[in-house]
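What follows is protein-v4.cif (mmCIF, C-alpha atoms).
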```cif
data_structure
#
loop_
_atom_site.label_atom_id
_atom_site.label_comp_id
_atom_site.auth_asym_id
_atom_site.auth_seq_id
_atom_site.Cartn_x
_atom_site.Cartn_y
_atom_site.Cartn_z
CA MET G 1 4.85 160.84 116.06
CA SER G 2 2.46 157.88 116.21
CA GLY G 3 -0.20 157.45 118.90
CA ASP G 4 1.51 154.29 120.22
CA VAL G 5 4.81 156.08 120.73
CA ARG G 6 3.01 159.03 122.41
CA ASN G 7 1.16 156.60 124.76
CA SER G 8 4.38 154.78 125.47
CA GLU G 9 6.21 158.02 126.30
CA PHE G 10 3.30 159.06 128.54
CA GLY G 11 3.54 155.66 130.29
CA MET G 12 7.29 156.03 130.80
CA ARG G 13 6.85 159.52 132.22
CA LYS G 14 4.15 158.20 134.57
CA TYR G 15 6.46 155.43 135.79
CA LEU G 16 9.27 157.92 136.42
CA VAL G 17 6.95 160.33 138.29
CA ILE G 18 5.70 157.47 140.50
CA GLY G 19 9.31 156.43 141.13
CA MET G 20 10.06 159.96 142.32
CA TRP G 21 6.99 159.90 144.58
CA LEU G 22 8.17 156.59 146.06
CA ALA G 23 11.62 158.03 146.77
CA GLY G 24 10.15 161.27 148.15
CA LEU G 25 7.71 159.50 150.49
CA MET G 26 10.50 157.23 151.70
CA LEU G 27 12.73 160.24 152.47
CA LEU G 28 9.80 161.93 154.24
CA GLY G 29 9.49 158.83 156.44
CA VAL G 30 13.22 159.01 157.28
CA LEU G 31 12.86 162.73 158.08
CA LEU G 32 9.84 162.07 160.34
CA SER G 33 11.78 159.34 162.11
CA GLU G 34 14.82 161.58 162.68
CA LEU G 35 12.87 164.71 163.70
CA GLY G 36 9.93 163.04 165.44
CA GLY G 37 11.82 162.51 168.68
CA GLY G 38 12.12 166.18 169.66
CA TRP G 39 11.35 168.66 166.89
CA LEU G 40 7.76 167.68 166.17
CA PRO G 41 4.98 167.74 168.80
CA ILE G 42 3.98 164.19 167.97
CA PRO G 43 4.26 161.22 170.34
CA ARG G 44 6.53 158.37 169.26
CA TRP G 45 3.62 156.05 168.49
CA GLY G 46 2.12 158.81 166.30
CA VAL G 47 5.36 159.00 164.31
CA ALA G 48 5.30 155.21 163.90
CA VAL G 49 1.71 155.32 162.61
CA LEU G 50 2.61 158.12 160.16
CA ILE G 51 5.66 156.24 158.85
CA LEU G 52 3.71 153.00 158.39
CA GLY G 53 0.94 155.00 156.70
CA LEU G 54 3.50 156.36 154.23
CA SER G 55 4.69 152.79 153.62
CA THR G 56 1.13 151.70 152.89
CA ILE G 57 0.75 154.54 150.35
CA LYS G 58 4.04 153.51 148.68
CA ALA G 59 2.97 149.86 148.54
CA ALA G 60 -0.37 150.90 147.02
CA LEU G 61 1.39 153.00 144.37
CA VAL G 62 3.61 150.05 143.40
CA ALA G 63 0.69 147.60 143.31
CA LEU G 64 -1.68 149.88 141.38
CA TYR G 65 0.71 151.36 138.81
CA TYR G 66 3.81 149.16 138.56
CA MET G 67 1.95 145.87 139.01
CA HIS G 68 -0.93 147.32 136.94
CA LEU G 69 -3.70 146.32 139.37
CA GLN G 70 -5.44 149.58 138.52
CA SER G 71 -5.91 148.67 134.87
CA ASP G 72 -5.82 144.86 135.00
CA ARG G 73 -8.70 142.45 135.49
CA LYS G 74 -10.62 142.69 138.77
CA LEU G 75 -10.00 138.99 139.50
CA LEU G 76 -6.31 139.77 140.05
CA ALA G 77 -7.23 142.53 142.52
CA LEU G 78 -9.36 139.97 144.41
CA VAL G 79 -6.46 137.49 144.47
CA ALA G 80 -4.19 140.28 145.75
CA ALA G 81 -6.74 141.31 148.41
CA ALA G 82 -7.44 137.76 149.67
CA PRO G 83 -4.37 137.41 151.94
CA PHE G 84 -5.09 140.80 153.52
CA CYS G 85 -8.54 139.55 154.62
CA LEU G 86 -6.77 136.64 156.32
CA ILE G 87 -4.26 139.07 157.86
CA LEU G 88 -7.10 141.18 159.31
CA LEU G 89 -8.60 137.99 160.75
CA ALA G 90 -5.23 137.04 162.28
CA LEU G 91 -4.77 140.54 163.71
CA GLY G 92 -8.24 140.32 165.25
CA VAL G 93 -7.32 137.02 166.92
CA ILE G 94 -3.96 138.38 168.16
CA PHE G 95 -5.38 141.57 169.65
CA SER G 96 -8.45 139.89 171.16
CA SER G 97 -6.07 137.46 172.86
CA HIS G 98 -3.98 140.42 174.03
CA LEU G 99 -7.07 142.08 175.54
CA ILE G 100 -8.10 138.90 177.36
CA ARG G 101 -4.66 138.36 178.88
CA PHE G 102 -4.18 141.93 180.13
CA MET X 1 11.23 154.71 116.57
CA ALA X 2 13.88 156.15 118.87
CA SER X 3 17.51 155.48 118.09
CA GLY X 4 19.15 152.71 120.08
CA THR X 5 16.08 150.51 119.86
CA HIS X 6 15.60 147.39 117.79
CA ALA X 7 12.25 146.34 116.40
CA VAL X 8 11.50 142.62 116.37
CA SER X 9 9.63 141.04 113.52
CA VAL X 10 6.72 139.65 115.55
CA SER X 11 4.23 142.43 116.22
CA ARG X 12 1.59 140.75 118.38
CA PRO X 13 2.23 139.52 121.93
CA LEU X 14 1.65 135.89 122.77
CA GLU X 15 -2.01 135.56 123.73
CA VAL X 16 -3.56 132.37 125.01
CA GLN X 17 -7.30 132.09 125.65
CA THR X 18 -8.18 131.00 129.18
CA ALA X 19 -11.50 130.73 131.04
CA THR X 20 -10.61 133.71 133.22
CA GLY X 21 -9.23 135.80 130.37
CA ILE X 22 -5.97 136.01 132.32
CA PRO X 23 -2.89 134.10 131.10
CA SER X 24 -2.32 131.08 133.35
CA GLY X 25 1.24 132.12 134.16
CA LYS X 26 0.11 135.54 135.33
CA LEU X 27 -2.71 134.16 137.48
CA GLY X 28 -0.29 131.59 138.88
CA MET X 29 2.22 134.32 139.73
CA TRP X 30 -0.44 136.34 141.56
CA LEU X 31 -1.53 133.26 143.54
CA PHE X 32 2.13 132.60 144.39
CA LEU X 33 2.54 136.22 145.51
CA ALA X 34 -0.60 135.91 147.67
CA SER X 35 1.04 132.94 149.43
CA GLU X 36 4.24 134.98 149.79
CA VAL X 37 2.24 137.77 151.45
CA MET X 38 1.16 135.24 154.07
CA PHE X 39 4.75 134.04 154.51
CA PHE X 40 6.14 137.51 155.17
CA THR X 41 3.11 138.48 157.25
CA GLY X 42 3.92 135.59 159.58
CA LEU X 43 7.49 136.84 159.99
CA ILE X 44 6.59 140.53 160.29
CA GLY X 45 3.66 139.70 162.59
CA ALA X 46 5.97 137.78 164.92
CA TYR X 47 8.36 140.75 164.91
CA ILE X 48 5.57 143.23 165.76
CA VAL X 49 4.20 141.05 168.59
CA LEU X 50 7.71 140.68 170.09
CA ARG X 51 8.33 144.39 169.58
CA PHE X 52 5.11 145.41 171.40
CA SER X 53 5.79 143.09 174.30
CA ASN X 54 9.10 144.84 175.03
CA PRO X 55 8.85 148.67 175.52
CA ASN X 56 12.66 149.10 175.57
CA TRP X 57 13.09 147.37 172.22
CA PRO X 58 15.69 147.19 170.72
CA GLY X 59 17.69 149.30 173.19
CA HIS X 60 21.27 150.48 172.79
CA GLU X 61 22.33 147.05 171.47
CA GLY X 62 20.10 147.26 168.43
CA HIS X 63 21.59 150.02 166.31
CA LEU X 64 21.16 149.99 162.53
CA SER X 65 22.61 152.57 160.13
CA VAL X 66 19.70 154.64 158.78
CA PRO X 67 21.79 156.24 155.95
CA ILE X 68 22.83 152.79 154.66
CA GLY X 69 19.25 151.52 154.91
CA THR X 70 18.01 154.64 153.11
CA ILE X 71 20.51 154.18 150.26
CA ASN X 72 19.55 150.53 149.93
CA THR X 73 15.86 151.44 149.81
CA LEU X 74 16.53 154.00 147.06
CA VAL X 75 18.44 151.32 145.14
CA LEU X 76 15.51 148.90 145.37
CA ILE X 77 12.96 151.56 144.41
CA GLY X 78 15.22 152.41 141.44
CA SER X 79 15.23 148.76 140.40
CA SER X 80 11.42 148.72 140.46
CA VAL X 81 11.43 151.70 138.11
CA THR X 82 13.92 150.07 135.73
CA ILE X 83 12.02 146.79 135.46
CA VAL X 84 8.72 148.54 134.73
CA LEU X 85 10.53 150.62 132.09
CA SER X 86 11.89 147.37 130.64
CA LEU X 87 8.34 146.02 130.33
CA ALA X 88 7.17 149.30 128.77
CA ALA X 89 10.03 149.11 126.24
CA SER X 90 9.22 145.50 125.43
CA ASN X 91 5.54 146.39 124.90
CA ARG X 92 6.58 148.72 122.11
CA GLN X 93 9.04 146.07 120.88
CA ALA X 94 12.16 148.10 121.64
CA LEU X 95 14.18 144.99 122.43
CA THR X 96 17.57 146.65 122.98
CA LEU X 97 16.09 149.16 125.38
CA ALA X 98 14.15 146.44 127.21
CA ARG X 99 17.40 144.47 127.62
CA GLY X 100 19.19 147.57 128.91
CA TRP X 101 16.57 148.30 131.59
CA LEU X 102 16.50 144.63 132.58
CA LEU X 103 20.29 144.63 132.93
CA ALA X 104 20.02 147.81 135.05
CA THR X 105 17.50 146.00 137.28
CA ILE X 106 19.92 143.11 137.75
CA LEU X 107 22.76 145.50 138.60
CA LEU X 108 20.65 147.46 141.08
CA GLY X 109 19.40 144.24 142.70
CA SER X 110 23.00 143.03 142.98
CA SER X 111 24.01 146.39 144.51
CA PHE X 112 21.28 145.95 147.11
CA LEU X 113 22.70 142.55 148.07
CA VAL X 114 26.30 143.87 148.16
CA ILE X 115 25.28 146.71 150.50
CA LYS X 116 23.33 144.24 152.64
CA GLY X 117 26.43 142.01 152.65
CA PHE X 118 28.54 144.92 153.99
CA GLU X 119 25.93 145.53 156.69
CA TYR X 120 25.99 141.85 157.71
CA SER X 121 29.80 141.85 157.65
CA ALA X 122 29.94 144.90 159.97
CA LYS X 123 27.58 143.17 162.41
CA PHE X 124 29.60 139.95 162.39
CA THR X 125 32.81 141.96 162.94
CA HIS X 126 31.21 143.38 166.11
CA HIS X 127 30.24 139.82 167.14
CA ILE X 128 26.57 140.51 166.52
CA LEU X 129 24.91 137.26 165.47
CA PRO X 130 21.32 135.99 165.17
CA SER X 131 21.80 134.42 168.60
CA THR X 132 22.83 137.76 170.23
CA ASN X 133 19.29 138.70 171.25
CA VAL X 134 15.71 138.48 169.97
CA PHE X 135 16.02 141.75 167.99
CA TRP X 136 18.96 140.46 166.00
CA SER X 137 17.23 137.10 165.52
CA CYS X 138 14.32 138.96 163.94
CA TYR X 139 16.62 141.26 161.95
CA PHE X 140 18.63 138.44 160.39
CA ALA X 141 15.54 136.30 159.76
CA LEU X 142 13.55 139.10 158.09
CA THR X 143 16.38 140.60 156.04
CA GLY X 144 17.89 137.18 155.27
CA PHE X 145 14.65 135.79 153.81
CA HIS X 146 14.12 139.04 151.92
CA ALA X 147 17.68 138.91 150.53
CA LEU X 148 17.04 135.32 149.35
CA HIS X 149 13.97 136.58 147.49
CA VAL X 150 16.06 139.37 145.91
CA LEU X 151 18.63 136.76 144.87
CA GLY X 152 15.86 134.62 143.36
CA GLY X 153 14.64 137.66 141.41
CA ILE X 154 18.14 138.41 140.13
CA VAL X 155 18.56 134.81 138.93
CA PHE X 156 15.13 134.91 137.22
CA ASN X 157 15.93 138.25 135.56
CA GLY X 158 19.38 137.03 134.49
CA TRP X 159 17.90 133.87 132.96
CA LEU X 160 15.29 135.99 131.19
CA LEU X 161 17.96 138.35 129.85
CA SER X 162 19.99 135.40 128.54
CA ARG X 163 16.88 134.07 126.75
CA THR X 164 16.53 137.27 124.75
CA PHE X 165 19.86 136.64 123.02
CA GLY X 166 20.54 134.14 120.24
CA GLY X 167 17.44 134.77 118.18
CA ALA X 168 14.93 133.82 120.84
CA ILE X 169 11.41 134.86 119.90
CA TRP X 170 10.44 137.94 121.93
CA PRO X 171 6.70 137.55 122.76
CA PRO X 172 7.13 134.59 125.18
CA GLN X 173 9.98 136.51 126.85
CA ARG X 174 7.74 139.59 127.09
CA HIS X 175 5.17 137.51 128.97
CA ARG X 176 7.90 136.20 131.28
CA LEU X 177 9.22 139.73 131.76
CA GLU X 178 5.78 140.73 133.04
CA LEU X 179 5.91 137.83 135.54
CA ALA X 180 9.46 138.77 136.57
CA GLY X 181 8.27 142.34 137.06
CA LEU X 182 5.37 141.27 139.29
CA TYR X 183 7.73 139.23 141.46
CA TRP X 184 10.32 142.03 141.62
CA HIS X 185 7.73 144.64 142.63
CA PHE X 186 6.48 142.31 145.37
CA VAL X 187 10.05 142.05 146.74
CA ASP X 188 10.18 145.86 146.65
CA ILE X 189 6.88 146.13 148.57
CA VAL X 190 8.17 143.77 151.28
CA TRP X 191 11.25 145.99 151.73
CA ILE X 192 9.02 149.11 151.80
CA PHE X 193 7.61 147.71 155.08
CA LEU X 194 10.79 146.09 156.42
CA PHE X 195 12.88 149.26 156.17
CA PRO X 196 10.74 151.45 158.49
CA LEU X 197 9.97 148.58 160.87
CA LEU X 198 13.64 147.68 161.38
CA TYR X 199 15.45 150.99 160.84
CA LEU X 200 13.06 153.85 161.61
CA ILE X 201 10.51 152.88 164.25
#
```
Could I get this file's structure written as structure tokens?
Amino acid sequence: MSGDVRNSEFGMRKYLVIGMWLAGLMLLGVLLSELGGGWLPIPRWGVAVLILGLSTIKAALVALYYMHLQSDRKLLALVAAAPFCLILLALGVIFSSHLIRF
Amino acid sequence: MASGTHAVSVSRPLEVQTATGIPSGKLGMWLFLASEVMFFTGLIGAYIVLRFSNPNWPGHEGHLSVPIGTINTLVLIGSSVTIVLSLAASNRQALTLARGWLLATILLGSSFLVIKGFEYSAKFTHHILPSTNVFWSCYFALTGFHALHVLGGIVFNGWLLSRTFGGAIWPPQRHRLELAGLYWHFVDIVWIFLFPLLYLI
């Protein structure tokens, strides 16, 4: 078996494992949503934060491994990060306005 | 080489020297995706602001089927796996396998739209329209724009698949497959956030 084929098979296995993690984390979010109301001693906002945290982990897995940001050139990671800096700025404006009004 | 694969005669991928060291098409796709992040952030941000300003949101009138949403999310995650496997197959020049995974991606993307169509149909049957209330306005706007992006991805992938037939040279298609993959994964990421926001929280 050549090294290329071995690397390729390793890559395919990695992609499949990440796919299973994505599905598992998504199902965990559904479970938290369904059980969070009464079974778990977590307030509703806490469940929402947990579920959105799981979504952020899933998005990071897709971006790093499926979109290859982990191994690609750093410039692409900067391009990908740029809109999130603007989003943080926008969130700051929104919530500062919210604090002023109330 | 594994059975069921077909080696192409050109062994090196298409490489073009650029100042950044990144192919122009790839850099352009990432810049486009950055602009798309801003587009969906505007929509999702509006939804979150409206959601926070109404503690009873969405109330008994805003019921969505979690099992259907869960199945659709699994379908879209599956399509992300198949397109990355298609790229991996194309990198080792297994053209038949790459085509197969790309076709699977198209089928899974189409399944996502069909399921979404059934969901829309059920809402319309119950006289639930974008004008019903602000929750349904947000729901149809967010999922509608996302579905249009999925449709765009299916068309792109279908065009790409058609280009691999009839003796087309593979390396340029491999480069395009990478771009198609980036776009498709972005559409997946958007749904990764839309699903919990609309169905779970």
Could you give me, as CSV, every chain G residue with an atom at most 9 Å from chain X, plus its closest atom pair and distance in Å to one decimal, counting all atoms listed in the file, rows ordered by chain then number?
```
residue,atom,partner,partner_atom,distance
G:Met1,CA,X:Met1,CA,8.9
G:Asp4,CA,X:Arg92,CA,7.8
G:Val5,CA,X:Arg92,CA,7.7
G:Ser8,CA,X:Ala88,CA,7.0
G:Gly11,CA,X:Ala88,CA,7.5
G:Met12,CA,X:Leu85,CA,6.4
G:Tyr15,CA,X:Val81,CA,6.6
G:Leu16,CA,X:Val81,CA,6.8
G:Ile18,CA,X:Val81,CA,8.5
G:Gly19,CA,X:Val81,CA,6.0
G:Leu22,CA,X:Ile77,CA,7.1
G:Ala23,CA,X:Leu74,CA,6.4
G:Met26,CA,X:Thr70,CA,8.1
G:Leu27,CA,X:Thr70,CA,7.7
G:Gly29,CA,X:Pro196,CA,7.8
G:Val30,CA,X:Leu200,CA,6.7
G:Leu32,CA,X:Leu200,CA,8.9
G:Ser33,CA,X:Leu200,CA,5.7
G:Glu34,CA,X:Leu200,CA,8.0
G:Arg44,CA,X:Ile201,CA,8.4
G:Trp45,CA,X:Ile201,CA,8.7
G:Val47,CA,X:Ile201,CA,8.0
G:Ala48,CA,X:Ile201,CA,5.7
G:Ile51,CA,X:Pro196,CA,7.0
G:Leu52,CA,X:Pro196,CA,7.2
G:Ser55,CA,X:Ile192,CA,6.0
G:Thr56,CA,X:Phe193,CA,7.9
G:Lys58,CA,X:Ile192,CA,7.3
G:Ala59,CA,X:Ile189,CA,5.4
G:Ala60,CA,X:Ile189,CA,8.8
G:Val62,CA,X:His185,CA,6.8
G:Ala63,CA,X:His185,CA,7.7
G:Tyr66,CA,X:Val84,CA,6.3
G:Met67,CA,X:Leu182,CA,5.7
G:Arg73,CA,X:Ile22,CA,7.7
G:Leu75,CA,X:Thr20,CA,8.2
G:Leu76,CA,X:Trp30,CA,7.0
G:Val79,CA,X:Leu31,CA,6.6
G:Ala80,CA,X:Ala34,CA,6.0
G:Ala81,CA,X:Ala34,CA,8.2
G:Ala82,CA,X:Ala34,CA,7.4
G:Pro83,CA,X:Ala34,CA,5.9
G:Phe84,CA,X:Val37,CA,8.2
G:Leu86,CA,X:Met38,CA,8.4
G:Ile87,CA,X:Thr41,CA,7.4
G:Leu91,CA,X:Gly45,CA,8.5
G:Ile94,CA,X:Val49,CA,8.6
```
Let me see the file: selected residues, C-alpha atoms, as an mmCIF file, keeping the file's coordinate frame.
```cif
data_model
loop_
_atom_site.group_PDB
_atom_site.id
_atom_site.type_symbol
_atom_site.label_atom_id
_atom_site.label_comp_id
_atom_site.auth_asym_id
_atom_site.auth_seq_id
_atom_site.Cartn_x
_atom_site.Cartn_y
_atom_site.Cartn_z
ATOM 1 C CA MET G 1 4.850 160.840 116.060
ATOM 2 C CA ASP G 4 1.510 154.290 120.220
ATOM 3 C CA VAL G 5 4.810 156.080 120.730
ATOM 4 C CA SER G 8 4.380 154.780 125.470
ATOM 5 C CA GLY G 11 3.540 155.660 130.290
ATOM 6 C CA MET G 12 7.290 156.030 130.800
ATOM 7 C CA TYR G 15 6.460 155.430 135.790
ATOM 8 C CA LEU G 16 9.270 157.920 136.420
ATOM 9 C CA ILE G 18 5.700 157.470 140.500
ATOM 10 C CA GLY G 19 9.310 156.430 141.130
ATOM 11 C CA LEU G 22 8.170 156.590 146.060
ATOM 12 C CA ALA G 23 11.620 158.030 146.770
ATOM 13 C CA MET G 26 10.500 157.230 151.700
ATOM 14 C CA LEU G 27 12.730 160.240 152.470
ATOM 15 C CA GLY G 29 9.490 158.830 156.440
ATOM 16 C CA VAL G 30 13.220 159.010 157.280
ATOM 17 C CA LEU G 32 9.840 162.070 160.340
ATOM 18 C CA SER G 33 11.780 159.340 162.110
ATOM 19 C CA GLU G 34 14.820 161.580 162.680
ATOM 20 C CA ARG G 44 6.530 158.370 169.260
ATOM 21 C CA TRP G 45 3.620 156.050 168.490
ATOM 22 C CA VAL G 47 5.360 159.000 164.310
ATOM 23 C CA ALA G 48 5.300 155.210 163.900
ATOM 24 C CA ILE G 51 5.660 156.240 158.850
ATOM 25 C CA LEU G 52 3.710 153.000 158.390
ATOM 26 C CA SER G 55 4.690 152.790 153.620
ATOM 27 C CA THR G 56 1.130 151.700 152.890
ATOM 28 C CA LYS G 58 4.040 153.510 148.680
ATOM 29 C CA ALA G 59 2.970 149.860 148.540
ATOM 30 C CA ALA G 60 -0.370 150.900 147.020
ATOM 31 C CA VAL G 62 3.610 150.050 143.400
ATOM 32 C CA ALA G 63 0.690 147.600 143.310
ATOM 33 C CA TYR G 66 3.810 149.160 138.560
ATOM 34 C CA MET G 67 1.950 145.870 139.010
ATOM 35 C CA ARG G 73 -8.700 142.450 135.490
ATOM 36 C CA LEU G 75 -10.000 138.990 139.500
ATOM 37 C CA LEU G 76 -6.310 139.770 140.050
ATOM 38 C CA VAL G 79 -6.460 137.490 144.470
ATOM 39 C CA ALA G 80 -4.190 140.280 145.750
ATOM 40 C CA ALA G 81 -6.740 141.310 148.410
ATOM 41 C CA ALA G 82 -7.440 137.760 149.670
ATOM 42 C CA PRO G 83 -4.370 137.410 151.940
ATOM 43 C CA PHE G 84 -5.090 140.800 153.520
ATOM 44 C CA LEU G 86 -6.770 136.640 156.320
ATOM 45 C CA ILE G 87 -4.260 139.070 157.860
ATOM 46 C CA LEU G 91 -4.770 140.540 163.710
ATOM 47 C CA ILE G 94 -3.960 138.380 168.160
#
```
Practice problem: Give the answer as one residue: which of X:His63, X:His146, X:Arg163, X:Arg99 has the shortest atom-to-atom distance to Leu43 of chain X, using all atoms listed in the file? | Solution: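 Checking each candidate against Leu43 of chain X, we get X:His146 as the closest.
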Practice problem: Pull out every residue that the PyMOL selection byres ((chain X and resi 103) around 12) matches in the shown coordinates and put them as JSON, numbers by chain. | Solution: {"X": [79, 82, 83, 85, 86, 96, 97, 98, 99, 100, 101, 102, 104, 105, 106, 107, 108, 109, 110, 154, 155, 156, 157, 158, 159, 160, 161, 162, 164]}
Quiz item: Do you have the atom CA of Leu54 of chain G-atom CA of Val150 of chain X distance handy?
Solution: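 We find that atom CA of Leu54 of chain G and atom CA of Val150 of chain X lie 22.7 Å from each other.
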Quiz item: Separation of atom CA of Phe40 of chain X and atom CA of Leu142 of chain X, in Å?
Solution: 8.1 Å
Quiz item: What is the distance, in Å and to one decimal place, between atom CA of Trp57 of chain X and atom CA of Cys85 of chain G?
Solution: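 Separation between atom CA of Trp57 of chain X and atom CA of Cys85 of chain G: 29.0 Å.
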Exercise. Excluding Leu50 of chain X and any residue of its chain fewer than 5 positions from it, enumerate the residues within 12 Å of it, using all atoms listed in the file, and give them as a list in words.
Key: Leu43, Ile44, Gly45, Pro55, Asn56, Trp57, Pro58, Asn133, Val134, Phe135, Trp136, Ser137 and Cys138 of chain X
Quiz prompt | Selection under test: the PyMOL selection byres ((chain X and resi 119) around 12); residues as a PyMOL selection string | solution = chain X and resi 63-69+72+112-118+120-126+128+139-140+143-144
Those same residues - C-alpha atoms - I'd like them written as a PDB file, in the frame of the given file.
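Written output follows (selection-v2.pdb):
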```pdb
ATOM      1  CA  HIS X  63      21.590 150.020 166.310  1.00  0.00           C
ATOM      2  CA  LEU X  64      21.160 149.990 162.530  1.00  0.00           C
ATOM      3  CA  SER X  65      22.610 152.570 160.130  1.00  0.00           C
ATOM      4  CA  VAL X  66      19.700 154.640 158.780  1.00  0.00           C
ATOM      5  CA  PRO X  67      21.790 156.240 155.950  1.00  0.00           C
ATOM      6  CA  ILE X  68      22.830 152.790 154.660  1.00  0.00           C
ATOM      7  CA  GLY X  69      19.250 151.520 154.910  1.00  0.00           C
ATOM      8  CA  ASN X  72      19.550 150.530 149.930  1.00  0.00           C
ATOM      9  CA  PHE X 112      21.280 145.950 147.110  1.00  0.00           C
ATOM     10  CA  LEU X 113      22.700 142.550 148.070  1.00  0.00           C
ATOM     11  CA  VAL X 114      26.300 143.870 148.160  1.00  0.00           C
ATOM     12  CA  ILE X 115      25.280 146.710 150.500  1.00  0.00           C
ATOM     13  CA  LYS X 116      23.330 144.240 152.640  1.00  0.00           C
ATOM     14  CA  GLY X 117      26.430 142.010 152.650  1.00  0.00           C
ATOM     15  CA  PHE X 118      28.540 144.920 153.990  1.00  0.00           C
ATOM     16  CA  TYR X 120      25.990 141.850 157.710  1.00  0.00           C
ATOM     17  CA  SER X 121      29.800 141.850 157.650  1.00  0.00           C
ATOM     18  CA  ALA X 122      29.940 144.900 159.970  1.00  0.00           C
ATOM     19  CA  LYS X 123      27.580 143.170 162.410  1.00  0.00           C
ATOM     20  CA  PHE X 124      29.600 139.950 162.390  1.00  0.00           C
ATOM     21  CA  THR X 125      32.810 141.960 162.940  1.00  0.00           C
ATOM     22  CA  HIS X 126      31.210 143.380 166.110  1.00  0.00           C
ATOM     23  CA  ILE X 128      26.570 140.510 166.520  1.00  0.00           C
ATOM     24  CA  TYR X 139      16.620 141.260 161.950  1.00  0.00           C
ATOM     25  CA  PHE X 140      18.630 138.440 160.390  1.00  0.00           C
ATOM     26  CA  THR X 143      16.380 140.600 156.040  1.00  0.00           C
ATOM     27  CA  GLY X 144      17.890 137.180 155.270  1.00  0.00           C
TER      28      GLY X 144
END
```
